[in-house]
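**Q** First the structure, which I've put down as structure tokens, then a few questions once you've had a look.
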Amino acid sequence: MTATEAASPDATPATSVAAEPQPTPGATPPRTPLGARAAAELVGTAALVAVVVGSGIQATELTQDVGLQLLANSIATVFGLGVLILLLGPVSGAHFNPAVTLAEWWTARRGGAGVTAREVAVYVPAQIVGAIAGAVLADLMFGEPLVKWSTHDRSAGNLLLGEVVATAGLILLIFGLARTDRLRFAPAAIASYIGAAYWFTSSTSFANPAVTVGRAFTDTFAGIAPASVPPFIAAQLAGAVVGLALVTVIFMPGRTAAEQPAA
């Protein structure tokens, strides 16, 4: 699932853009200590998984209609994700997603702005620990066993294709917003995309390796069997590669209107 610091009200004034590269998704101000960013990633991912798992448990307790259960689960996720991106984006970039972190590292490695390898080594474990903690917290709130491996098998090939599509779309959205200087819309845009992908992908759009790991720890509506986790993560990473390729093709660097020669 995923994100960026798009909503920061202290965005760099346009007059200083020429002196400093525009931040890509998740890029954070140098003044933010790495420890604070790691804490934001851990807490944000934990809260996101708690929303996903908790709303799934609540929905199954309120109705036996699977369609209504998915609707309740997706609506809660949309609102929860949007709020978390808005709140924590200015601190860590609100990745909450190793696929987003790795994609940003790759773009930085290719000459763009983004996280370093050291930051990746801090962000990704924080996201995974946070995801597990969020699943355990949701189970605790609803009186479920704290850790019970999910029995919800999700190994079918069509579900893996759904994860490739969901993750590719997420990466395309985030980095496309960055390339077009529209990161201020990220909280609403990313949350809306994930809400839509709940319904148009066969996998209900996990699109996040950390969240996938966390959801294996709960045998509830949102769970995923441990045996299904590695293929899901592989599909998500493949989707991230596809998404980055699409960003490169669609949002090719070019001269702005101001740089075009006068008629």
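Every chain in the structure tokens has a letter given in the order shown (A, B, ...), and although residue numbers restart at 1 in each chain, ligands are simply numbered from 1 in the order shown.
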Fewer than 5 positions away in the same chain doesn't count, so skip those; otherwise give me all residues within 12 Å of Leu159 (chain A), counting only C-alpha atoms, as a JSON list (two decimals) with N, CA, C and O atoms, in the first residue's frame.
**A**
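To be explicit, this is the file written out as result.json:
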[["chain", "number", "residue", "atom", "x", "y", "z"],
["A", 153, "ASP", "N", -5.80, -18.86, 1.77],
["A", 153, "ASP", "CA", -4.89, -19.10, 0.64],
["A", 153, "ASP", "C", -5.15, -18.09, -0.48],
["A", 153, "ASP", "O", -6.30, -17.86, -0.87],
["A", 154, "ARG", "N", -4.08, -17.50, -0.96],
["A", 154, "ARG", "CA", -4.18, -16.52, -2.06],
["A", 154, "ARG", "C", -3.10, -16.82, -3.10],
["A", 154, "ARG", "O", -2.39, -15.91, -3.54],
["A", 164, "VAL", "N", 0.52, -7.55, -9.42],
["A", 164, "VAL", "CA", 1.40, -6.86, -10.36],
["A", 164, "VAL", "C", 0.73, -5.58, -10.85],
["A", 164, "VAL", "O", 1.33, -4.50, -10.84],
["A", 165, "VAL", "N", -0.53, -5.69, -11.24],
["A", 165, "VAL", "CA", -1.27, -4.53, -11.75],
["A", 165, "VAL", "C", -1.44, -3.47, -10.66],
["A", 165, "VAL", "O", -1.22, -2.27, -10.89],
["A", 166, "ALA", "N", -1.85, -3.91, -9.46],
["A", 166, "ALA", "CA", -2.09, -2.96, -8.37],
["A", 166, "ALA", "C", -0.83, -2.20, -8.00],
["A", 166, "ALA", "O", -0.86, -0.97, -7.82],
["A", 200, "PHE", "N", -11.12, -3.28, -8.42],
["A", 200, "PHE", "CA", -10.85, -3.66, -9.81],
["A", 200, "PHE", "C", -9.73, -4.68, -9.95],
["A", 200, "PHE", "O", -9.48, -5.15, -11.07],
["A", 201, "THR", "N", -9.05, -5.04, -8.85],
["A", 201, "THR", "CA", -8.04, -6.10, -8.93],
["A", 201, "THR", "C", -8.56, -7.36, -8.22],
["A", 201, "THR", "O", -9.27, -7.27, -7.22],
["A", 202, "SER", "N", -8.18, -8.50, -8.75],
["A", 202, "SER", "CA", -8.64, -9.77, -8.19],
["A", 202, "SER", "C", -8.07, -10.04, -6.80],
["A", 202, "SER", "O", -8.66, -10.79, -6.01],
["A", 203, "SER", "N", -6.94, -9.42, -6.47],
["A", 203, "SER", "CA", -6.26, -9.66, -5.20],
["A", 203, "SER", "C", -6.71, -8.72, -4.09],
["A", 203, "SER", "O", -6.26, -8.81, -2.96],
["A", 204, "THR", "N", -7.58, -7.78, -4.40],
["A", 204, "THR", "CA", -8.01, -6.68, -3.52],
["A", 204, "THR", "C", -6.85, -5.77, -3.14],
["A", 204, "THR", "O", -6.88, -5.11, -2.11],
["A", 205, "SER", "N", -5.84, -5.73, -3.97],
["A", 205, "SER", "CA", -4.78, -4.72, -3.91],
["A", 205, "SER", "C", -4.06, -4.62, -2.57],
["A", 205, "SER", "O", -4.18, -3.64, -1.86],
["A", 206, "PHE", "N", -3.25, -5.63, -2.27],
["A", 206, "PHE", "CA", -2.31, -5.49, -1.15],
["A", 206, "PHE", "C", -1.26, -4.45, -1.55],
["A", 206, "PHE", "O", -1.04, -3.49, -0.85],
["A", 207, "ALA", "N", -0.58, -4.70, -2.69],
["A", 207, "ALA", "CA", 0.37, -3.76, -3.30],
["A", 207, "ALA", "C", 1.44, -3.28, -2.33],
["A", 207, "ALA", "O", 1.96, -2.17, -2.46],
["A", 224, "ILE", "N", -3.70, -13.47, 5.01],
["A", 224, "ILE", "CA", -3.14, -14.18, 3.86],
["A", 224, "ILE", "C", -2.28, -15.31, 4.41],
["A", 224, "ILE", "O", -1.48, -15.11, 5.32],
["A", 228, "SER", "N", 1.38, -18.12, 0.88],
["A", 228, "SER", "CA", 1.05, -17.22, -0.24],
["A", 228, "SER", "C", 1.85, -15.93, -0.20],
["A", 228, "SER", "O", 1.84, -15.16, -1.17],
["A", 229, "VAL", "N", 2.55, -15.68, 0.90],
["A", 229, "VAL", "CA", 3.28, -14.42, 1.06],
["A", 229, "VAL", "C", 4.43, -14.26, 0.06],
["A", 229, "VAL", "O", 4.51, -13.21, -0.62],
["A", 231, "PRO", "N", 5.06, -15.52, -3.02],
["A", 231, "PRO", "CA", 4.62, -15.19, -4.38],
["A", 231, "PRO", "C", 3.99, -13.81, -4.48],
["A", 231, "PRO", "O", 4.19, -13.10, -5.48],
["A", 232, "PHE", "N", 3.24, -13.41, -3.45],
["A", 232, "PHE", "CA", 2.63, -12.07, -3.45],
["A", 232, "PHE", "C", 3.71, -10.99, -3.47],
["A", 232, "PHE", "O", 3.62, -10.02, -4.23],
["A", 233, "ILE", "N", 4.73, -11.15, -2.64],
["A", 233, "ILE", "CA", 5.80, -10.15, -2.59],
["A", 233, "ILE", "C", 6.55, -10.11, -3.91],
["A", 233, "ILE", "O", 6.89, -9.03, -4.42],
["A", 235, "ALA", "N", 5.34, -10.78, -6.84],
["A", 235, "ALA", "CA", 4.46, -10.10, -7.79],
["A", 235, "ALA", "C", 4.47, -8.59, -7.56],
["A", 235, "ALA", "O", 4.46, -7.79, -8.51],
["A", 236, "GLN", "N", 4.50, -8.18, -6.29],
["A", 236, "GLN", "CA", 4.52, -6.75, -5.96],
["A", 236, "GLN", "C", 5.82, -6.09, -6.44],
["A", 236, "GLN", "O", 5.79, -4.98, -6.99]]
**Q** To one decimal place in Å, what is the distance between CA of Ser92 (chain A) and CA of Ala36 (chain A)?
**A**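 The value is 7.7 Å.
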**Q** Once DSSP has gone over the backbone, tell me which residues of region 110-218 of chain A are in alpha helix (DSSP H), as a ChimeraX atom specification.
**A** /A:117-141,157-179,186-200,209-215
**Q** At what distance in Å, to one decimal, does CA of Leu183 (chain A) lie from CA of Leu48 (chain A)?
**A**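 So the answer is 20.2 Å.
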